[in-house]
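Next comes final26.csv, with CSV, C-alpha atoms.
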```csv
chain,number,residue,atom,x,y,z
W,150,MET,CA,8.1,3.5,3.2
W,151,ARG,CA,6.6,3.8,-0.2
W,152,ILE,CA,3.4,2.1,-1.3
W,153,VAL,CA,1.5,1.8,-4.5
W,154,ILE,CA,-2.3,1.3,-4.0
W,155,GLN,CA,-4.4,-0.2,-6.8
W,156,ARG,CA,-8.1,-0.5,-6.5
W,157,VAL,CA,-9.0,-3.8,-8.0
W,158,THR,CA,-11.9,-6.0,-8.9
W,159,GLN,CA,-9.7,-9.0,-8.3
W,160,ALA,CA,-6.0,-9.7,-7.6
W,161,SER,CA,-3.8,-12.8,-6.9
W,162,VAL,CA,-0.2,-13.7,-6.3
W,163,SER,CA,1.5,-16.9,-7.2
W,164,VAL,CA,4.9,-18.5,-6.4
W,165,SER,CA,6.1,-21.3,-8.6
W,166,LYS,CA,2.7,-21.3,-10.4
W,167,ASN,CA,0.9,-21.9,-7.0
W,168,CYS,CA,-1.6,-19.3,-5.9
W,169,ILE,CA,-0.7,-18.2,-2.4
W,170,GLY,CA,-3.0,-15.2,-2.0
W,171,GLN,CA,-6.2,-14.0,-3.7
W,172,ILE,CA,-8.8,-11.3,-3.2
W,173,GLY,CA,-11.9,-10.1,-5.1
W,174,LYS,CA,-12.8,-6.4,-4.9
W,175,GLY,CA,-10.3,-4.4,-2.8
W,176,LEU,CA,-6.8,-3.0,-2.7
W,177,LEU,CA,-3.6,-4.4,-4.0
W,178,LEU,CA,-0.8,-2.9,-2.0
W,179,LEU,CA,2.8,-3.0,-3.3
W,180,ALA,CA,5.0,-2.0,-0.3
W,181,GLY,CA,8.6,-1.0,-0.4
W,182,PHE,CA,10.7,-0.3,2.7
W,183,GLU,CA,13.9,1.6,3.3
W,184,ALA,CA,16.4,1.3,6.2
W,185,ALA,CA,15.3,4.6,7.7
W,186,ASP,CA,11.6,3.5,8.0
W,187,THR,CA,10.1,3.3,11.5
W,188,GLU,CA,7.0,2.0,13.1
W,189,ASP,CA,5.6,5.6,12.8
W,190,ASP,CA,6.0,5.3,9.0
W,191,LEU,CA,4.1,2.0,9.0
W,192,ALA,CA,1.3,3.3,11.2
W,193,TRP,CA,0.8,6.5,9.1
W,194,ILE,CA,0.7,4.5,5.8
W,195,SER,CA,-1.6,1.8,7.2
W,196,LYS,CA,-4.1,4.3,8.6
W,197,LYS,CA,-4.0,6.4,5.4
W,198,THR,CA,-4.5,3.3,3.2
W,199,LEU,CA,-7.5,2.1,5.1
W,200,GLN,CA,-9.1,5.6,5.2
W,201,LEU,CA,-8.6,6.6,1.6
W,202,ARG,CA,-11.9,7.3,0.0
W,203,ILE,CA,-11.4,5.7,-3.4
W,204,PHE,CA,-14.5,3.5,-3.7
W,205,ASP,CA,-17.7,4.7,-5.3
W,206,ASP,CA,-20.7,5.6,-3.2
W,207,GLU,CA,-24.3,5.2,-4.5
W,208,ASN,CA,-23.9,8.3,-6.7
W,209,GLY,CA,-20.7,7.0,-8.4
W,210,VAL,CA,-18.5,9.4,-6.5
W,211,MET,CA,-15.2,8.1,-4.9
W,212,ASN,CA,-16.4,8.7,-1.3
W,213,ARG,CA,-15.9,5.3,0.5
W,214,SER,CA,-12.9,3.7,2.1
W,215,ILE,CA,-12.1,0.0,2.0
W,216,GLU,CA,-13.5,-0.2,5.5
W,217,GLU,CA,-16.8,1.0,4.2
W,218,VAL,CA,-17.0,-1.5,1.4
W,219,GLU,CA,-15.5,-4.5,3.2
W,220,GLY,CA,-18.8,-6.1,4.0
W,221,THR,CA,-20.1,-6.1,0.4
W,222,SER,CA,-18.4,-9.4,-0.5
W,223,LYS,CA,-16.6,-12.2,1.4
W,224,ASP,CA,-13.7,-11.8,-1.0
W,225,THR,CA,-13.3,-8.0,-0.5
W,226,GLY,CA,-9.9,-7.3,1.0
W,227,LEU,CA,-6.3,-6.4,0.8
W,228,LEU,CA,-3.5,-8.2,-1.0
W,229,ILE,CA,-0.1,-7.0,0.3
W,230,ILE,CA,3.1,-7.6,-1.7
W,231,SER,CA,6.6,-6.6,-0.8
W,232,GLN,CA,8.4,-4.8,-3.6
W,233,PHE,CA,11.9,-3.4,-3.1
W,234,THR,CA,11.9,-2.0,-6.7
W,235,LEU,CA,9.7,0.8,-5.5
W,236,HIS,CA,12.8,2.5,-4.2
W,237,ALA,CA,14.7,2.3,-7.5
W,238,ALA,CA,16.9,5.3,-8.2
W,239,THR,CA,17.0,6.0,-11.9
W,240,LYS,CA,18.7,9.4,-12.0
W,241,LYS,CA,22.1,8.2,-13.2
W,242,GLY,CA,22.5,5.7,-16.0
W,243,ASN,CA,20.1,3.1,-17.3
W,244,ARG,CA,20.4,0.5,-14.6
W,245,PRO,CA,18.3,1.2,-11.5
W,246,SER,CA,20.0,1.4,-8.2
W,247,TYR,CA,18.3,-0.1,-5.2
W,248,ILE,CA,20.6,1.3,-2.6
W,249,ARG,CA,17.7,3.0,-0.7
W,250,ALA,CA,15.8,-0.2,-0.4
W,251,ALA,CA,16.1,-1.8,3.0
W,252,PRO,CA,18.1,-5.1,3.0
W,253,PRO,CA,16.1,-8.2,3.9
W,254,GLN,CA,17.3,-8.2,7.6
W,255,ILE,CA,15.6,-4.8,8.0
W,256,ALA,CA,12.8,-5.1,5.4
W,257,ILE,CA,11.3,-8.4,6.5
W,258,PRO,CA,10.5,-7.2,10.1
W,259,LEU,CA,9.1,-4.0,8.6
W,260,TYR,CA,6.9,-5.9,6.1
W,261,GLU,CA,5.7,-8.3,8.9
W,262,SER,CA,4.9,-5.4,11.2
W,263,PHE,CA,3.0,-3.6,8.4
W,264,ILE,CA,0.9,-6.7,7.9
W,265,ARG,CA,0.2,-7.0,11.7
W,266,GLN,CA,-0.8,-3.3,11.8
W,267,LEU,CA,-3.3,-3.8,9.0
W,268,ARG,CA,-4.7,-6.9,10.6
W,269,ARG,CA,-5.3,-5.0,13.8
W,270,GLN,CA,-7.1,-2.2,12.0
W,271,TYR,CA,-9.0,-4.0,9.3
W,272,ALA,CA,-11.5,-6.8,9.9
W,273,GLY,CA,-11.7,-7.9,6.3
W,274,LYS,CA,-9.7,-10.4,4.3
W,275,ILE,CA,-6.0,-9.9,4.2
W,276,GLU,CA,-3.7,-11.9,1.9
W,277,THR,CA,0.0,-11.6,1.3
W,278,GLY,CA,2.8,-12.5,-1.0
W,279,GLN,CA,6.0,-14.2,0.0
W,280,PHE,CA,8.9,-11.9,0.9
W,281,GLY,CA,11.8,-12.3,-1.5
W,282,ALA,CA,10.2,-14.8,-3.7
W,283,GLU,CA,9.8,-14.6,-7.5
W,284,MET,CA,6.1,-13.8,-7.6
W,285,GLU,CA,3.6,-13.4,-10.4
W,286,VAL,CA,0.9,-10.8,-9.5
W,287,CYS,CA,-2.3,-10.7,-11.5
W,288,LEU,CA,-4.8,-8.0,-11.2
W,289,THR,CA,-7.7,-6.2,-12.7
W,290,ASN,CA,-7.3,-2.6,-11.9
W,291,ASP,CA,-10.7,-1.0,-11.3
W,292,GLY,CA,-11.1,2.5,-12.7
W,293,PRO,CA,-8.1,2.5,-13.1
W,294,VAL,CA,-7.3,3.9,-9.7
W,295,THR,CA,-3.6,3.8,-8.7
W,296,ILE,CA,-2.2,6.0,-5.9
W,297,ILE,CA,1.4,6.3,-4.6
W,298,ILE,CA,2.1,7.2,-1.0
W,299,ASP,CA,5.5,7.9,0.5
W,300,SER,CA,5.9,8.3,4.2
W,301,LYS,CA,8.9,10.5,3.7
W,302,ASN,CA,6.9,12.8,1.4
W,303,LYS,CA,3.5,13.3,3.0
W,304,GLU,CA,1.5,15.1,0.3
```
Give the structure from the file, written as structure tokens.
Amino acid sequence: MRIVIQRVTQASVSVSKNCIGQIGKGLLLLAGFEAADTEDDLAWISKKTLQLRIFDDENGVMNRSIEEVEGTSKDTGLLIISQFTLHAATKKGNRPSYIRAAPPQIAIPLYESFIRQLRRQYAGKIETGQFGAEMEVCLTNDGPVTIIIDSKNKE
């Protein structure tokens, strides 16, 4: 599993011009799955995501997790979007290959399980996109802070 985490002051996702998910301050999570992913990958990334200390403390130092800032606003939360293009292979030629991305029959259950895990671990607002839909994602990156995590390359 690969995830791009963006700290945001606001983010939303729309399908056919209709907003289906929206948060204020929080994290936009772009999540890509591959066929080899397991529940252990999902658990590791969900825990890591919620514990990342990427929000400022009272001294302006990134020292707080989303769990620690969750209560500061009713709109604070997570916006989770599935994105198979995170597994694009670009080594050969100019057209990305998505052969490593899990097909929908594997990716959908992984995506849904990832959301369930986050809901069990995080008490704040959680919004999602629509798997497989043509989505428009709008965000204001805060910082900017953008972090990439790959469960197959735990750095």
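Going from atom CA of Glu283 of chain W to atom CA of Val164 of chain W covers 6.4 Å.
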Worksheet item: atom CA of Asp291 of chain W and atom CA of Lys174 of chain W are how many Å apart?
Response: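 Pair atom CA of Asp291 of chain W / atom CA of Lys174 of chain W returns 8.6 Å.
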Worksheet item: For the atom pair atom CA of Ser163 of chain W and atom CA of Ser214 of chain W, what is the interatomic distance in Å to one decimal place?
Response: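 Pair atom CA of Ser163 of chain W / atom CA of Ser214 of chain W returns 26.8 Å.
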Discussion item. Around (-2.0, -5.6, 2.1), as given in the file, which residues come within 12 Å? Count all atoms listed in the file and list them as a ChimeraX atom specification.
Written reply: /W:152-156,160-162,170-172,175-181,191,194-195,198-199,215,225-232,260-268,270-271,273-279
Worksheet item: Taking all atoms listed in the file into account, which of W:Ile298, W:Ile248, W:Phe280, W:Ala272 comes nearest Glu217 of chain W?
Response: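 Of all the options, W:Ala272 lies closest to Glu217 of chain W.
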Worksheet item: Restricting the calculation to all atoms listed in the file, which member of W:Lys303, W:Val286, W:Thr295, W:Thr234 is positioned closest to Lys166 of chain W?
Response: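 With all atoms listed in the file as the atom set, the closest residue is W:Val286.
Proximity of W:Ala238, W:Ala184, W:Val157, W:Ile169 to Leu288 of chain W, computed with all atoms listed in the file, is greatest for W:Val157.
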Practice prompt. With only C-alpha atoms counted, which protein, DNA or RNA residues have an atom no more than 12 Å from (16.6, -3.4, 1.5) in the file frame? Please answer as a PyMOL selection string.
Written response: chain W and resi 150+180-186+231-237+246-260+280-281
